[in-house]
Protein chains: 2
Amino acid sequence: MAENECVFCKMVTGRIPVAKLYEDDDVLAFLDIGPISDGHTLVISKKHFEKIHDCPPELLAKIASHLGKIAKAVTEATNAQGYNVLCNNGRVAGQLVNHVHFHIIPRHSEDKLFANWPSYEYEKGKAEKIADKIKANL
Amino acid sequence: MAENECVFCKMVTGRIPVAKLYEDDDVLAFLDIGPISDGHTLVISKKHFEKIHDCPPELLAKIASHLGKIAKAVTEATNAQGYNVLCNNGRVAGQLVNHVHFHIIPRHSEDKLFANWPSYEYEKGKAEKIADKIKANL
């Protein structure tokens, strides 16, 4: 998607209004207009990068350095008991806007979000093989 | 939970073995032993902090600066089409180990993970009220 067509880029430049929570030279935080929980917040890079691995590490570090204080403020304001910080990368992972963004999702007991966590165990030797493959790519 | 009883602290000090992927002075990355997708990786602070908002921003920045390259290596090694980066904070949010950790979860089409995304719209004026509350806490 070209930058000038990206909905988050339009929010950064003010062409689309947002309920702004925090802003500095690199980072913008605002309420998701399609929340899955009241106070559901997006923290984005102002500059357009599609995915986390496209983002310069220094920029990712700047974004992350704000996550704690914003998450705390969101959690307190919504009387939540916890929160998820989630960044979806790729359509298959649920990324709907191809501009890197971190969701902060306030959580309450019995809200039934992300209830599906189908964890399993590796068969013997498989974890080591996968780890070797990953390390070869690092 | 005291640090000396924390399972992730034991992994950091080697008292519990892990399939290690990356390590430096501040950060450790290893395969989750209860994956929800092959290659499911955890990236943690070596020092014990419970939640993102407990973590010093500089440390959070250091952890985040490694997420891109690790996620790329995990995705390539598992032939995934995308990935989620997820940090659960609080039992209600699915945090099982009270030591801050980022999940990197490789994703494939039809894997049905995180399929539940019940987004809604705010009634008129509500987003502004919530945003004001959050800003008052920032």
# chains A, B, ... in the order shown; residues from 1 in each chain; ligands from 1
$ interface_residues --of "chain B" --to "chain A" --cutoff "7 Å" --atoms "only C-alpha atoms" --output "PDB file with N, CA and C atoms, in the first residue's frame"
ATOM      1  N   ALA B  19      15.860 -24.235  24.726  1.00  0.00           N
ATOM      2  CA  ALA B  19      16.368 -24.215  23.352  1.00  0.00           C
ATOM      3  C   ALA B  19      16.623 -22.750  23.022  1.00  0.00           C
ATOM      4  N   LEU B  21      17.858 -19.267  21.489  1.00  0.00           N
ATOM      5  CA  LEU B  21      17.964 -18.724  20.129  1.00  0.00           C
ATOM      6  C   LEU B  21      18.861 -17.495  20.079  1.00  0.00           C
ATOM      7  N   ILE B  33       8.215 -23.971  25.465  1.00  0.00           N
ATOM      8  CA  ILE B  33       8.091 -25.436  25.553  1.00  0.00           C
ATOM      9  C   ILE B  33       6.641 -25.904  25.391  1.00  0.00           C
ATOM     10  N   GLY B  34       5.715 -24.957  25.427  1.00  0.00           N
ATOM     11  CA  GLY B  34       4.305 -25.285  25.175  1.00  0.00           C
ATOM     12  C   GLY B  34       3.793 -24.458  24.017  1.00  0.00           C
ATOM     13  N   PRO B  35       4.329 -24.683  22.811  1.00  0.00           N
ATOM     14  CA  PRO B  35       4.027 -23.795  21.675  1.00  0.00           C
ATOM     15  C   PRO B  35       2.566 -23.898  21.229  1.00  0.00           C
ATOM     16  N   ILE B  36       2.078 -22.852  20.577  1.00  0.00           N
ATOM     17  CA  ILE B  36       0.783 -22.967  19.892  1.00  0.00           C
ATOM     18  C   ILE B  36       1.015 -22.991  18.380  1.00  0.00           C
ATOM     19  N   GLY B  39       7.899 -23.299  16.359  1.00  0.00           N
ATOM     20  CA  GLY B  39       8.800 -22.145  16.320  1.00  0.00           C
ATOM     21  C   GLY B  39       8.373 -21.024  17.253  1.00  0.00           C
ATOM     22  N   ILE B  52       4.902  -5.282  31.611  1.00  0.00           N
ATOM     23  CA  ILE B  52       5.515  -4.249  30.782  1.00  0.00           C
ATOM     24  C   ILE B  52       5.641  -2.934  31.545  1.00  0.00           C
ATOM     25  N   HIS B  53       4.591  -2.576  32.285  1.00  0.00           N
ATOM     26  CA  HIS B  53       4.650  -1.268  32.964  1.00  0.00           C
ATOM     27  C   HIS B  53       5.555  -1.290  34.199  1.00  0.00           C
ATOM     28  N   PRO B  57      11.683   1.757  30.874  1.00  0.00           N
ATOM     29  CA  PRO B  57      11.511   1.983  29.433  1.00  0.00           C
ATOM     30  C   PRO B  57      12.756   1.635  28.615  1.00  0.00           C
ATOM     31  N   GLU B  58      13.938   1.880  29.183  1.00  0.00           N
ATOM     32  CA  GLU B  58      15.184   1.599  28.448  1.00  0.00           C
ATOM     33  C   GLU B  58      15.348   0.099  28.216  1.00  0.00           C
ATOM     34  N   LEU B  60      12.811  -2.116  28.108  1.00  0.00           N
ATOM     35  CA  LEU B  60      11.764  -2.480  27.145  1.00  0.00           C
ATOM     36  C   LEU B  60      12.239  -2.155  25.723  1.00  0.00           C
ATOM     37  N   ALA B  61      12.894  -1.019  25.587  1.00  0.00           N
ATOM     38  CA  ALA B  61      13.435  -0.616  24.284  1.00  0.00           C
ATOM     39  C   ALA B  61      14.476  -1.624  23.800  1.00  0.00           C
ATOM     40  N   LYS B  62      15.334  -2.071  24.712  1.00  0.00           N
ATOM     41  CA  LYS B  62      16.352  -3.055  24.328  1.00  0.00           C
ATOM     42  C   LYS B  62      15.706  -4.360  23.852  1.00  0.00           C
ATOM     43  N   ALA B  64      12.692  -4.780  22.652  1.00  0.00           N
ATOM     44  CA  ALA B  64      11.964  -4.547  21.392  1.00  0.00           C
ATOM     45  C   ALA B  64      12.905  -4.422  20.206  1.00  0.00           C
ATOM     46  N   SER B  65      14.082  -3.890  20.428  1.00  0.00           N
ATOM     47  CA  SER B  65      15.000  -3.681  19.304  1.00  0.00           C
ATOM     48  C   SER B  65      15.421  -5.007  18.670  1.00  0.00           C
ATOM     49  N   HIS B  66      15.223  -6.125  19.379  1.00  0.00           N
ATOM     50  CA  HIS B  66      15.581  -7.439  18.837  1.00  0.00           C
ATOM     51  C   HIS B  66      14.395  -8.176  18.218  1.00  0.00           C
ATOM     52  N   GLY B  68      12.348  -7.602  15.726  1.00  0.00           N
ATOM     53  CA  GLY B  68      12.249  -7.703  14.277  1.00  0.00           C
ATOM     54  C   GLY B  68      13.117  -8.801  13.701  1.00  0.00           C
ATOM     55  N   LYS B  69      14.376  -8.798  14.071  1.00  0.00           N
ATOM     56  CA  LYS B  69      15.280  -9.796  13.468  1.00  0.00           C
ATOM     57  C   LYS B  69      14.954 -11.208  13.951  1.00  0.00           C
ATOM     58  N   ILE B  70      14.542 -11.332  15.209  1.00  0.00           N
ATOM     59  CA  ILE B  70      14.173 -12.669  15.701  1.00  0.00           C
ATOM     60  C   ILE B  70      12.893 -13.142  15.013  1.00  0.00           C
ATOM     61  N   ALA B  71      11.909 -12.261  14.912  1.00  0.00           N
ATOM     62  CA  ALA B  71      10.649 -12.630  14.253  1.00  0.00           C
ATOM     63  C   ALA B  71      10.885 -13.036  12.804  1.00  0.00           C
ATOM     64  N   LYS B  72      11.771 -12.331  12.113  1.00  0.00           N
ATOM     65  CA  LYS B  72      12.071 -12.653  10.714  1.00  0.00           C
ATOM     66  C   LYS B  72      12.710 -14.045  10.621  1.00  0.00           C
ATOM     67  N   ALA B  73      13.661 -14.316  11.509  1.00  0.00           N
ATOM     68  CA  ALA B  73      14.336 -15.621  11.488  1.00  0.00           C
ATOM     69  C   ALA B  73      13.364 -16.755  11.815  1.00  0.00           C
ATOM     70  N   VAL B  74      12.485 -16.519  12.791  1.00  0.00           N
ATOM     71  CA  VAL B  74      11.492 -17.527  13.173  1.00  0.00           C
ATOM     72  C   VAL B  74      10.537 -17.784  12.008  1.00  0.00           C
ATOM     73  N   ALA B  77      12.328 -19.682   9.207  1.00  0.00           N
ATOM     74  CA  ALA B  77      12.649 -21.070   9.576  1.00  0.00           C
ATOM     75  C   ALA B  77      11.420 -21.952   9.603  1.00  0.00           C
ATOM     76  N   GLN B  81       3.620 -17.435   7.103  1.00  0.00           N
ATOM     77  CA  GLN B  81       3.231 -16.304   6.257  1.00  0.00           C
ATOM     78  C   GLN B  81       3.077 -15.007   7.054  1.00  0.00           C
ATOM     79  N   GLY B  82       3.212 -15.113   8.352  1.00  0.00           N
ATOM     80  CA  GLY B  82       3.087 -13.934   9.202  1.00  0.00           C
ATOM     81  C   GLY B  82       3.366 -14.334  10.635  1.00  0.00           C
ATOM     82  N   TYR B  83       3.236 -13.377  11.549  1.00  0.00           N
ATOM     83  CA  TYR B  83       3.482 -13.681  12.964  1.00  0.00           C
ATOM     84  C   TYR B  83       2.796 -12.652  13.847  1.00  0.00           C
ATOM     85  N   ASN B  84       2.487 -13.094  15.053  1.00  0.00           N
ATOM     86  CA  ASN B  84       2.021 -12.175  16.086  1.00  0.00           C
ATOM     87  C   ASN B  84       3.120 -11.970  17.103  1.00  0.00           C
ATOM     88  N   VAL B  85       3.232 -10.745  17.580  1.00  0.00           N
ATOM     89  CA  VAL B  85       4.062 -10.455  18.749  1.00  0.00           C
ATOM     90  C   VAL B  85       3.089 -10.090  19.860  1.00  0.00           C
ATOM     91  N   LEU B  86       3.133 -10.838  20.943  1.00  0.00           N
ATOM     92  CA  LEU B  86       2.097 -10.716  21.968  1.00  0.00           C
ATOM     93  C   LEU B  86       2.735 -10.734  23.347  1.00  0.00           C
ATOM     94  N   CYS B  87       2.332  -9.782  24.158  1.00  0.00           N
ATOM     95  CA  CYS B  87       2.779  -9.754  25.547  1.00  0.00           C
ATOM     96  C   CYS B  87       1.559  -9.652  26.454  1.00  0.00           C
ATOM     97  N   ASN B  88       1.300 -10.721  27.201  1.00  0.00           N
ATOM     98  CA  ASN B  88       0.147 -10.779  28.096  1.00  0.00           C
ATOM     99  C   ASN B  88       0.555 -10.255  29.466  1.00  0.00           C
ATOM    100  N   ASN B  89      -0.236  -9.364  29.995  1.00  0.00           N
ATOM    101  CA  ASN B  89       0.076  -8.737  31.281  1.00  0.00           C
ATOM    102  C   ASN B  89      -1.077  -8.939  32.255  1.00  0.00           C
ATOM    103  N   GLY B  90      -0.843  -9.813  33.227  1.00  0.00           N
ATOM    104  CA  GLY B  90      -1.883 -10.124  34.207  1.00  0.00           C
ATOM    105  C   GLY B  90      -2.533 -11.456  33.885  1.00  0.00           C
ATOM    106  N   VAL B  92      -5.574 -12.339  34.022  1.00  0.00           N
ATOM    107  CA  VAL B  92      -6.795 -12.162  33.243  1.00  0.00           C
ATOM    108  C   VAL B  92      -6.490 -12.008  31.749  1.00  0.00           C
ATOM    109  N   ALA B  93      -5.262 -11.597  31.443  1.00  0.00           N
ATOM    110  CA  ALA B  93      -4.842 -11.405  30.052  1.00  0.00           C
ATOM    111  C   ALA B  93      -4.108 -12.632  29.511  1.00  0.00           C
ATOM    112  N   ARG B 107       2.555 -17.717  12.019  1.00  0.00           N
ATOM    113  CA  ARG B 107       1.169 -17.941  11.604  1.00  0.00           C
ATOM    114  C   ARG B 107       1.094 -18.504  10.190  1.00  0.00           C
ATOM    115  N   HIS B 108       0.109 -19.365  10.021  1.00  0.00           N
ATOM    116  CA  HIS B 108      -0.141 -20.018   8.732  1.00  0.00           C
ATOM    117  C   HIS B 108      -1.637 -19.883   8.427  1.00  0.00           C
ATOM    118  N   SER B 109      -1.966 -19.844   7.162  1.00  0.00           N
ATOM    119  CA  SER B 109      -3.386 -19.727   6.820  1.00  0.00           C
ATOM    120  C   SER B 109      -4.120 -20.947   7.358  1.00  0.00           C
ATOM    121  N   LEU B 113      -5.823 -19.559  14.876  1.00  0.00           N
ATOM    122  CA  LEU B 113      -5.418 -18.925  16.127  1.00  0.00           C
ATOM    123  C   LEU B 113      -5.991 -17.505  16.192  1.00  0.00           C
ATOM    124  N   PHE B 114      -6.349 -17.059  17.357  1.00  0.00           N
ATOM    125  CA  PHE B 114      -6.844 -15.682  17.566  1.00  0.00           C
ATOM    126  C   PHE B 114      -7.937 -15.295  16.562  1.00  0.00           C
ATOM    127  N   ASN B 116     -11.017 -14.992  17.116  1.00  0.00           N
ATOM    128  CA  ASN B 116     -12.066 -14.208  17.762  1.00  0.00           C
ATOM    129  C   ASN B 116     -11.613 -12.757  17.923  1.00  0.00           C
ATOM    130  N   TRP B 117     -12.195 -11.839  17.150  1.00  0.00           N
ATOM    131  CA  TRP B 117     -11.821 -10.424  17.211  1.00  0.00           C
ATOM    132  C   TRP B 117     -13.120  -9.608  17.177  1.00  0.00           C
ATOM    133  N   PRO B 118     -13.821  -9.572  18.333  1.00  0.00           N
ATOM    134  CA  PRO B 118     -15.181  -9.018  18.358  1.00  0.00           C
ATOM    135  C   PRO B 118     -15.223  -7.493  18.445  1.00  0.00           C
ATOM    136  N   SER B 119     -14.796  -6.847  17.377  1.00  0.00           N
ATOM    137  CA  SER B 119     -14.725  -5.380  17.413  1.00  0.00           C
ATOM    138  C   SER B 119     -16.109  -4.759  17.295  1.00  0.00           C
ATOM    139  N   TYR B 120     -16.235  -3.585  17.847  1.00  0.00           N
ATOM    140  CA  TYR B 120     -17.513  -2.871  17.878  1.00  0.00           C
ATOM    141  C   TYR B 120     -17.244  -1.391  17.718  1.00  0.00           C
ATOM    142  N   GLU B 121     -18.286  -0.596  17.626  1.00  0.00           N
ATOM    143  CA  GLU B 121     -18.105   0.860  17.561  1.00  0.00           C
ATOM    144  C   GLU B 121     -18.529   1.505  18.874  1.00  0.00           C
ATOM    145  N   ALA B 127     -15.840   7.577  23.051  1.00  0.00           N
ATOM    146  CA  ALA B 127     -14.395   7.502  22.799  1.00  0.00           C
ATOM    147  C   ALA B 127     -13.697   8.731  23.385  1.00  0.00           C
ATOM    148  N   GLU B 128     -14.293   9.896  23.213  1.00  0.00           N
ATOM    149  CA  GLU B 128     -13.693  11.136  23.718  1.00  0.00           C
ATOM    150  C   GLU B 128     -13.591  11.097  25.250  1.00  0.00           C
ATOM    151  N   ILE B 130     -13.399   8.412  27.177  1.00  0.00           N
ATOM    152  CA  ILE B 130     -12.361   7.438  27.555  1.00  0.00           C
ATOM    153  C   ILE B 130     -10.979   8.038  27.297  1.00  0.00           C
ATOM    154  N   ALA B 131     -10.827   8.690  26.145  1.00  0.00           N
ATOM    155  CA  ALA B 131      -9.526   9.303  25.817  1.00  0.00           C
ATOM    156  C   ALA B 131      -9.138  10.339  26.875  1.00  0.00           C
ATOM    157  N   LYS B 133     -10.013  10.373  30.022  1.00  0.00           N
ATOM    158  CA  LYS B 133      -9.622   9.639  31.241  1.00  0.00           C
ATOM    159  C   LYS B 133      -8.207   9.106  31.113  1.00  0.00           C
ATOM    160  N   ILE B 134      -7.894   8.529  29.955  1.00  0.00           N
ATOM    161  CA  ILE B 134      -6.548   7.959  29.760  1.00  0.00           C
ATOM    162  C   ILE B 134      -5.507   9.075  29.832  1.00  0.00           C
ATOM    163  N   LYS B 135      -5.787  10.177  29.138  1.00  0.00           N
ATOM    164  CA  LYS B 135      -4.822  11.289  29.127  1.00  0.00           C
ATOM    165  C   LYS B 135      -4.592  11.831  30.530  1.00  0.00           C
ATOM    166  N   ASN B 137      -4.446  10.127  33.106  1.00  0.00           N
ATOM    167  CA  ASN B 137      -3.571   9.165  33.797  1.00  0.00           C
ATOM    168  C   ASN B 137      -2.164   9.109  33.212  1.00  0.00           C
ATOM    169  N   LEU B 138      -1.963   9.804  32.094  1.00  0.00           N
ATOM    170  CA  LEU B 138      -0.645   9.738  31.427  1.00  0.00           C
ATOM    171  C   LEU B 138       0.317  10.772  31.995  1.00  0.00           C
TER     172      LEU B 138
END
$ select_by_dssp --residues "region 39-127 of chain A" --states "strand (DSSP E or B)" --output "list in words"
Thr41, Leu42, Val43, Ile44, Ser45, Gly82, Tyr83, Asn84, Val85, Leu86, Cys87, Asn88, Asn89, His101, Phe102, His103, Ile104, Ile105, Pro106 and Arg107 of chain A
$ select_by_dssp --residues "chain B" --states "alpha helix (DSSP H)" --output "ChimeraX atom specification"
/B:7-12,57-65,67-77,126-137
$ write_last_selection --atoms "N, CA, C and O atoms" --output "short mmCIF file (atom, residue, chain, number, x, y, z; two decimals), in the first residue's frame"
data_model
loop_
_atom_site.label_atom_id
_atom_site.label_comp_id
_atom_site.auth_asym_id
_atom_site.auth_seq_id
_atom_site.Cartn_x
_atom_site.Cartn_y
_atom_site.Cartn_z
N VAL B 7 10.20 -19.45 37.03
CA VAL B 7 10.68 -20.42 36.05
C VAL B 7 11.55 -19.74 34.97
O VAL B 7 12.55 -20.32 34.52
N PHE B 8 11.20 -18.53 34.59
CA PHE B 8 12.01 -17.83 33.58
C PHE B 8 13.36 -17.39 34.15
O PHE B 8 14.37 -17.42 33.46
N CYS B 9 13.37 -16.99 35.42
CA CYS B 9 14.65 -16.65 36.06
C CYS B 9 15.55 -17.88 36.09
O CYS B 9 16.77 -17.78 35.91
N LYS B 10 14.96 -19.05 36.32
CA LYS B 10 15.74 -20.30 36.32
C LYS B 10 16.28 -20.61 34.93
O LYS B 10 17.36 -21.18 34.79
N MET B 11 15.52 -20.25 33.90
CA MET B 11 16.00 -20.44 32.53
C MET B 11 17.16 -19.48 32.23
O MET B 11 18.13 -19.85 31.58
N VAL B 12 17.03 -18.26 32.74
CA VAL B 12 18.09 -17.26 32.53
C VAL B 12 19.41 -17.75 33.14
O VAL B 12 20.47 -17.62 32.52
N PRO B 57 11.68 1.76 30.87
CA PRO B 57 11.51 1.98 29.43
C PRO B 57 12.76 1.63 28.61
O PRO B 57 12.64 1.12 27.50
N GLU B 58 13.94 1.88 29.18
CA GLU B 58 15.18 1.60 28.45
C GLU B 58 15.35 0.10 28.22
O GLU B 58 15.87 -0.32 27.18
N LEU B 59 14.93 -0.70 29.18
CA LEU B 59 15.03 -2.15 29.05
C LEU B 59 14.01 -2.67 28.03
O LEU B 59 14.31 -3.51 27.19
N LEU B 60 12.81 -2.12 28.11
CA LEU B 60 11.76 -2.48 27.15
C LEU B 60 12.24 -2.16 25.72
O LEU B 60 12.03 -2.92 24.79
N ALA B 61 12.89 -1.02 25.59
CA ALA B 61 13.43 -0.62 24.28
C ALA B 61 14.48 -1.62 23.80
O ALA B 61 14.49 -2.00 22.62
N LYS B 62 15.33 -2.07 24.71
CA LYS B 62 16.35 -3.06 24.33
C LYS B 62 15.71 -4.36 23.85
O LYS B 62 16.11 -4.94 22.85
N ILE B 63 14.73 -4.83 24.61
CA ILE B 63 14.03 -6.06 24.20
C ILE B 63 13.42 -5.88 22.82
O ILE B 63 13.62 -6.69 21.91
N ALA B 64 12.69 -4.78 22.65
CA ALA B 64 11.96 -4.55 21.39
C ALA B 64 12.90 -4.42 20.21
O ALA B 64 12.56 -4.83 19.08
N SER B 65 14.08 -3.89 20.43
CA SER B 65 15.00 -3.68 19.30
C SER B 65 15.42 -5.01 18.67
O SER B 65 15.90 -5.03 17.54
N LEU B 67 13.19 -7.66 18.42
CA LEU B 67 12.01 -8.41 18.00
C LEU B 67 11.96 -8.62 16.49
O LEU B 67 11.57 -9.68 16.02
N GLY B 68 12.35 -7.60 15.73
CA GLY B 68 12.25 -7.70 14.28
C GLY B 68 13.12 -8.80 13.70
O GLY B 68 12.64 -9.67 12.96
N LYS B 69 14.38 -8.80 14.07
CA LYS B 69 15.28 -9.80 13.47
C LYS B 69 14.95 -11.21 13.95
O LYS B 69 15.05 -12.17 13.19
N ILE B 70 14.54 -11.33 15.21
CA ILE B 70 14.17 -12.67 15.70
C ILE B 70 12.89 -13.14 15.01
O ILE B 70 12.82 -14.28 14.55
N ALA B 71 11.91 -12.26 14.91
CA ALA B 71 10.65 -12.63 14.25
C ALA B 71 10.89 -13.04 12.80
O ALA B 71 10.29 -13.99 12.30
N LYS B 72 11.77 -12.33 12.11
CA LYS B 72 12.07 -12.65 10.71
C LYS B 72 12.71 -14.05 10.62
O LYS B 72 12.33 -14.86 9.78
N ALA B 73 13.66 -14.32 11.51
CA ALA B 73 14.34 -15.62 11.49
C ALA B 73 13.36 -16.76 11.81
O ALA B 73 13.39 -17.81 11.19
N VAL B 74 12.49 -16.52 12.79
CA VAL B 74 11.49 -17.53 13.17
C VAL B 74 10.54 -17.78 12.01
O VAL B 74 10.23 -18.93 11.68
N THR B 75 10.11 -16.71 11.37
CA THR B 75 9.15 -16.82 10.27
C THR B 75 9.76 -17.58 9.09
O THR B 75 9.13 -18.46 8.51
N GLU B 76 10.99 -17.24 8.78
CA GLU B 76 11.68 -17.93 7.67
C GLU B 76 11.91 -19.40 7.99
O GLU B 76 11.69 -20.27 7.14
N ALA B 77 12.33 -19.68 9.21
CA ALA B 77 12.65 -21.07 9.58
C ALA B 77 11.42 -21.95 9.60
O ALA B 77 11.52 -23.17 9.46
N LYS B 126 -18.45 8.57 23.50
CA LYS B 126 -17.82 7.69 24.49
C LYS B 126 -16.30 7.64 24.31
O LYS B 126 -15.55 7.65 25.30
N ALA B 127 -15.84 7.58 23.05
CA ALA B 127 -14.40 7.50 22.80
C ALA B 127 -13.70 8.73 23.38
O ALA B 127 -12.64 8.61 24.02
N GLU B 128 -14.29 9.90 23.21
CA GLU B 128 -13.69 11.14 23.72
C GLU B 128 -13.59 11.10 25.25
O GLU B 128 -12.59 11.52 25.83
N LYS B 129 -14.65 10.59 25.89
CA LYS B 129 -14.63 10.49 27.36
C LYS B 129 -13.52 9.56 27.83
O LYS B 129 -12.80 9.85 28.80
N ILE B 130 -13.40 8.41 27.18
CA ILE B 130 -12.36 7.44 27.55
C ILE B 130 -10.98 8.04 27.30
O ILE B 130 -10.07 7.91 28.13
N ALA B 131 -10.83 8.69 26.14
CA ALA B 131 -9.53 9.30 25.82
C ALA B 131 -9.14 10.34 26.88
O ALA B 131 -7.97 10.40 27.30
N ASP B 132 -10.11 11.13 27.32
CA ASP B 132 -9.81 12.14 28.36
C ASP B 132 -9.35 11.47 29.65
O ASP B 132 -8.42 11.95 30.31
N LYS B 133 -10.01 10.37 30.02
CA LYS B 133 -9.62 9.64 31.24
C LYS B 133 -8.21 9.11 31.11
O LYS B 133 -7.42 9.16 32.06
N ILE B 134 -7.89 8.53 29.96
CA ILE B 134 -6.55 7.96 29.76
C ILE B 134 -5.51 9.07 29.83
O ILE B 134 -4.48 8.95 30.51
N LYS B 135 -5.79 10.18 29.14
CA LYS B 135 -4.82 11.29 29.13
C LYS B 135 -4.59 11.83 30.53
O LYS B 135 -3.48 12.23 30.88
N ALA B 136 -5.63 11.81 31.35
CA ALA B 136 -5.49 12.29 32.73
C ALA B 136 -4.57 11.38 33.54
O ALA B 136 -3.98 11.80 34.54
N ASN B 137 -4.45 10.13 33.11
CA ASN B 137 -3.57 9.16 33.80
C ASN B 137 -2.16 9.11 33.21
O ASN B 137 -1.30 8.43 33.76
#
$ atom_distance --atom1 "CA of Glu5 (chain A)" --atom2 "CA of Leu28 (chain A)"
18.0 Å
$ atom_distance --atom1 "CA of Thr13 (chain A)" --atom2 "CA of His48 (chain A)"
11.7 Å
$ atom_distance --atom1 "CA of Glu50 (chain B)" --atom2 "CA of Ser45 (chain A)"
25.7 Å
